[in-house]
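These notes are about the structure you will find just below.
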Amino acid sequence: MKKTKKQWIISAVSYFLLIPVLVSLSVTSANGSFKSQNNANIKLRVDWETDYTSGNNFISVTAKVYLEHFSIFVSTRNNGSVSINGNTQVFSTPAIRQTSEVQSATLIATHTVQIPYKSGETVNADIIAKWYFGGVYGGKRVDWIEASAKMALNESTSSGVVSHNDAVSSGTAPVNNTAANNISTTGNVVSSNTDTDENGMGGATLLKTGVITSNTGANINLRAVWEAYESTEGMITYNVMLYLEHYSIQMRPRSGNRLTVGNTVVTFEFSGANTAEEKKQSKFLAFATYEASVDEAVNISAEFNCNGLFRGQQIGVITLSSNVSVK
């Protein structure tokens, strides 16, 4: 006999307002959506759905994580995560670039988990999504963005409960920033637009940019691209992206590398590289951000444990260092 999927009916209760909202679903699965509650024009949205076939001993829960934004130019991020009932998937996002001021939703992760289930039971499902922006957006500082919800689902016509507990947390850049592969050699971390519309959309004002490079005497060097944005009155946000520039290379993973901007320290792992192409290439290594006063000189420094031969030349630790300011 062919198995049939049972109809789900679910209601949602606002966690903050405690106002019941009935959602009658005339489909074979329950579904819904929730967002981060951070006060900025960049948010995480999680669309979720469940699927159950009569006779199965599990319910399938799928979460799709979207980044909602307007104009944006953000480099690769490697610290995203989405968790369903403690089953966590860590994900990376490629560089995202959009110059128009139209609200968009970019899919950044999908995660599916099968939760054990017996007919007649109620299934509890926690969904938590986190993503690190690390910059200024629409004049507001945004670091970690988090969206979460708790659900109680069952196959009967009784109501399930969805409660939201969404937040955005601030702080310094993550200390374990995994290096990413094949990243564009340029890129901002926030929209570079200087205009905002009547709703306060658009990017923070870009005040100054610069490039710092190491000088090994060989065809392998570090390059730090920095940008200074006006954040709050009297404060400047510095965003720094670190790259390894090289030609043909064979290098195993390296640990103990560091990027420092002001008092923000980011340690990162290098995933290794292997290419025979005899052309100049850039490999993204790490990102760091720091908020300083307008008149503060900010030190940007980096250390990379090369520790090997490159074109017949022994290279140890590659370093760069420079003080920068908007003056």
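Just so we're on the same page: first chain in the structure tokens is A, next is B, and so on; residues restart at 1 for each chain, and ligands are numbered from 1 in the order they show up.
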
- Query: Can you list, as a list of chain:residue names, every protein, DNA or RNA residue that comes within 7 Å of stretch 112-126 of chain A when you count only C-alpha atoms, leaving out same-chain residues fewer than 5 positions away?
  - Reply: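 Answer for this query is A:Asn57, A:Phe58, A:Ile59, A:Ser60, A:Val61, A:Thr62, A:Ala63, A:Ile84, A:Asn85, A:Ala149, A:Lys150, A:Met151, A:Ala152, A:Leu153, A:Asn154, A:Glu155.
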
Now that the selection is made, can you save its residues with N, CA and C atoms as an mmCIF file, in the first residue's frame?
```cif
data_model
loop_
_atom_site.group_PDB
_atom_site.id
_atom_site.type_symbol
_atom_site.label_atom_id
_atom_site.label_comp_id
_atom_site.auth_asym_id
_atom_site.auth_seq_id
_atom_site.Cartn_x
_atom_site.Cartn_y
_atom_site.Cartn_z
ATOM 1 N N ASN A 57 9.906 6.591 11.024
ATOM 2 C CA ASN A 57 10.267 6.829 12.429
ATOM 3 C C ASN A 57 11.058 8.109 12.587
ATOM 4 N N PHE A 58 10.888 9.024 11.646
ATOM 5 C CA PHE A 58 11.568 10.316 11.738
ATOM 6 C C PHE A 58 10.745 11.376 11.011
ATOM 7 N N ILE A 59 10.981 12.622 11.405
ATOM 8 C CA ILE A 59 10.459 13.786 10.694
ATOM 9 C C ILE A 59 11.652 14.545 10.124
ATOM 10 N N SER A 60 11.578 14.903 8.887
ATOM 11 C CA SER A 60 12.650 15.649 8.229
ATOM 12 C C SER A 60 12.395 17.151 8.388
ATOM 13 N N VAL A 61 13.396 17.879 8.900
ATOM 14 C CA VAL A 61 13.294 19.328 9.077
ATOM 15 C C VAL A 61 14.385 19.988 8.233
ATOM 16 N N THR A 62 14.006 20.902 7.382
ATOM 17 C CA THR A 62 14.945 21.612 6.519
ATOM 18 C C THR A 62 14.914 23.098 6.833
ATOM 19 N N ALA A 63 16.089 23.691 6.968
ATOM 20 C CA ALA A 63 16.215 25.134 7.204
ATOM 21 C C ALA A 63 17.032 25.746 6.069
ATOM 22 N N ILE A 84 20.123 22.550 13.788
ATOM 23 C CA ILE A 84 18.785 22.041 14.042
ATOM 24 C C ILE A 84 18.895 20.979 15.122
ATOM 25 N N ASN A 85 18.334 21.285 16.291
ATOM 26 C CA ASN A 85 18.396 20.356 17.427
ATOM 27 C C ASN A 85 19.815 19.901 17.741
ATOM 28 N N ALA A 149 14.766 30.081 16.665
ATOM 29 C CA ALA A 149 13.365 29.800 16.964
ATOM 30 C C ALA A 149 13.245 28.416 17.570
ATOM 31 N N LYS A 150 12.191 28.211 18.378
ATOM 32 C CA LYS A 150 11.890 26.906 18.960
ATOM 33 C C LYS A 150 10.505 26.493 18.488
ATOM 34 N N MET A 151 10.386 25.235 18.091
ATOM 35 C CA MET A 151 9.119 24.748 17.555
ATOM 36 C C MET A 151 8.705 23.449 18.227
ATOM 37 N N ALA A 152 7.406 23.270 18.409
ATOM 38 C CA ALA A 152 6.839 22.020 18.890
ATOM 39 C C ALA A 152 5.838 21.556 17.839
ATOM 40 N N LEU A 153 6.131 20.449 17.180
ATOM 41 C CA LEU A 153 5.334 19.991 16.049
ATOM 42 C C LEU A 153 4.768 18.611 16.315
ATOM 43 N N ASN A 154 3.585 18.368 15.772
ATOM 44 C CA ASN A 154 3.028 17.015 15.822
ATOM 45 C C ASN A 154 2.166 16.781 14.595
ATOM 46 N N GLU A 155 1.794 15.529 14.363
ATOM 47 C CA GLU A 155 1.069 15.167 13.147
ATOM 48 C C GLU A 155 -0.436 15.326 13.272
#
```

Please identify which residues in stretch 218-258 of chain A DSSP calls strand (DSSP E or B) from the backbone, and express them as an mmCIF file with N, CA and C atoms, in the first residue's frame.
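out-v7.cif was written with the following content:
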```cif
data_model
loop_
_atom_site.group_PDB
_atom_site.id
_atom_site.type_symbol
_atom_site.label_atom_id
_atom_site.label_comp_id
_atom_site.auth_asym_id
_atom_site.auth_seq_id
_atom_site.Cartn_x
_atom_site.Cartn_y
_atom_site.Cartn_z
ATOM 1 N N ILE A 220 56.739 36.147 -3.217
ATOM 2 C CA ILE A 220 55.675 35.752 -2.303
ATOM 3 C C ILE A 220 55.616 36.792 -1.191
ATOM 4 N N ASN A 221 54.460 37.418 -1.028
ATOM 5 C CA ASN A 221 54.325 38.510 -0.057
ATOM 6 C C ASN A 221 52.910 38.570 0.492
ATOM 7 N N LEU A 222 52.777 39.272 1.609
ATOM 8 C CA LEU A 222 51.472 39.584 2.176
ATOM 9 C C LEU A 222 51.007 40.933 1.646
ATOM 10 N N ARG A 223 49.694 41.062 1.474
ATOM 11 C CA ARG A 223 49.096 42.347 1.092
ATOM 12 C C ARG A 223 47.862 42.572 1.950
ATOM 13 N N ALA A 224 47.809 43.699 2.631
ATOM 14 C CA ALA A 224 46.660 44.066 3.471
ATOM 15 C C ALA A 224 45.939 45.248 2.837
ATOM 16 N N VAL A 225 44.668 45.068 2.544
ATOM 17 C CA VAL A 225 43.832 46.142 1.998
ATOM 18 C C VAL A 225 42.960 46.671 3.128
ATOM 19 N N TRP A 226 43.079 47.981 3.425
ATOM 20 C CA TRP A 226 42.298 48.521 4.531
ATOM 21 C C TRP A 226 41.370 49.620 4.044
ATOM 22 N N GLU A 227 40.248 49.752 4.749
ATOM 23 C CA GLU A 227 39.245 50.756 4.456
ATOM 24 C C GLU A 227 38.795 51.391 5.764
ATOM 25 N N ALA A 228 38.629 52.686 5.759
ATOM 26 C CA ALA A 228 38.166 53.407 6.944
ATOM 27 C C ALA A 228 36.783 53.990 6.653
ATOM 28 N N TYR A 229 35.821 53.636 7.509
ATOM 29 C CA TYR A 229 34.447 54.098 7.357
ATOM 30 C C TYR A 229 34.034 54.923 8.577
ATOM 31 N N GLU A 230 33.261 55.955 8.320
ATOM 32 C CA GLU A 230 32.689 56.716 9.421
ATOM 33 C C GLU A 230 31.586 55.877 10.048
ATOM 34 N N MET A 235 33.970 58.465 15.666
ATOM 35 C CA MET A 235 34.557 57.136 15.608
ATOM 36 C C MET A 235 34.718 56.682 14.156
ATOM 37 N N ILE A 236 35.770 55.906 13.925
ATOM 38 C CA ILE A 236 36.083 55.379 12.608
ATOM 39 C C ILE A 236 36.193 53.855 12.697
ATOM 40 N N THR A 237 35.594 53.146 11.750
ATOM 41 C CA THR A 237 35.718 51.694 11.685
ATOM 42 C C THR A 237 36.711 51.322 10.592
ATOM 43 N N TYR A 238 37.727 50.543 10.980
ATOM 44 C CA TYR A 238 38.730 50.059 10.030
ATOM 45 C C TYR A 238 38.436 48.596 9.705
ATOM 46 N N ASN A 239 38.308 48.308 8.424
ATOM 47 C CA ASN A 239 38.134 46.932 7.952
ATOM 48 C C ASN A 239 39.372 46.548 7.152
ATOM 49 N N VAL A 240 39.958 45.402 7.479
ATOM 50 C CA VAL A 240 41.210 44.987 6.836
ATOM 51 C C VAL A 240 41.059 43.575 6.288
ATOM 52 N N MET A 241 41.453 43.395 5.022
ATOM 53 C CA MET A 241 41.470 42.082 4.376
ATOM 54 C C MET A 241 42.905 41.730 4.023
ATOM 55 N N LEU A 242 43.325 40.533 4.402
ATOM 56 C CA LEU A 242 44.706 40.096 4.210
ATOM 57 C C LEU A 242 44.774 39.034 3.128
ATOM 58 N N TYR A 243 45.752 39.174 2.229
ATOM 59 C CA TYR A 243 45.933 38.249 1.123
ATOM 60 C C TYR A 243 47.382 37.763 1.065
ATOM 61 N N LEU A 244 47.575 36.584 0.503
ATOM 62 C CA LEU A 244 48.906 36.075 0.184
ATOM 63 C C LEU A 244 49.066 36.169 -1.321
ATOM 64 N N GLU A 245 50.088 36.913 -1.774
ATOM 65 C CA GLU A 245 50.342 37.059 -3.201
ATOM 66 C C GLU A 245 51.512 36.157 -3.594
ATOM 67 N N HIS A 246 51.347 35.412 -4.668
ATOM 68 C CA HIS A 246 52.376 34.451 -5.058
ATOM 69 C C HIS A 246 52.226 34.107 -6.532
ATOM 70 N N ILE A 249 53.093 27.714 -6.800
ATOM 71 C CA ILE A 249 53.393 27.426 -5.391
ATOM 72 C C ILE A 249 52.910 26.036 -5.009
ATOM 73 N N GLN A 250 53.659 25.408 -4.131
ATOM 74 C CA GLN A 250 53.232 24.178 -3.465
ATOM 75 C C GLN A 250 53.500 24.363 -1.983
ATOM 76 N N MET A 251 52.448 24.471 -1.193
ATOM 77 C CA MET A 251 52.617 24.744 0.229
ATOM 78 C C MET A 251 51.557 23.984 1.020
ATOM 79 N N ARG A 254 49.316 25.783 7.003
ATOM 80 C CA ARG A 254 50.123 26.476 7.999
ATOM 81 C C ARG A 254 49.215 26.999 9.107
ATOM 82 N N SER A 255 49.640 26.866 10.348
ATOM 83 C CA SER A 255 48.866 27.365 11.482
ATOM 84 C C SER A 255 49.655 28.450 12.204
ATOM 85 N N GLY A 256 49.000 29.097 13.175
ATOM 86 C CA GLY A 256 49.673 30.115 13.977
ATOM 87 C C GLY A 256 49.871 31.433 13.275
ATOM 88 N N ASN A 257 49.097 31.703 12.238
ATOM 89 C CA ASN A 257 49.184 32.971 11.514
ATOM 90 C C ASN A 257 48.306 34.015 12.198
ATOM 91 N N ARG A 258 48.628 35.290 11.965
ATOM 92 C CA ARG A 258 47.937 36.329 12.737
ATOM 93 C C ARG A 258 47.764 37.612 11.928
#
```

- Query: Counting only C-alpha atoms, what is within 8 Å of A:Ile108, bar same-chain residues fewer than 3 positions away, as a ChimeraX atom specification?
  - Reply: /A:64-67,92-93

- For each of A:Tyr132, A:Phe304, A:Phe91, A:Trp48, take the minimum atom-to-atom distance to A:Val74, counting only C-alpha atoms, then give the residue where this is smallest. A:Tyr132

- Message: Just to confirm, what's the straight-line distance from atom CA of A:Val324 to atom CA of A:Val136 in Å (one decimal)?
- Response: 18.8 Å

- Task: Check the smallest atom-to-atom distance from each of A:Ala30, A:Val102, A:Val298, A:Leu320 to A:Thr213 using only C-alpha atoms, then report the winner.
- Result: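 Using only C-alpha atoms, A:Thr213 sits closest to A:Leu320.
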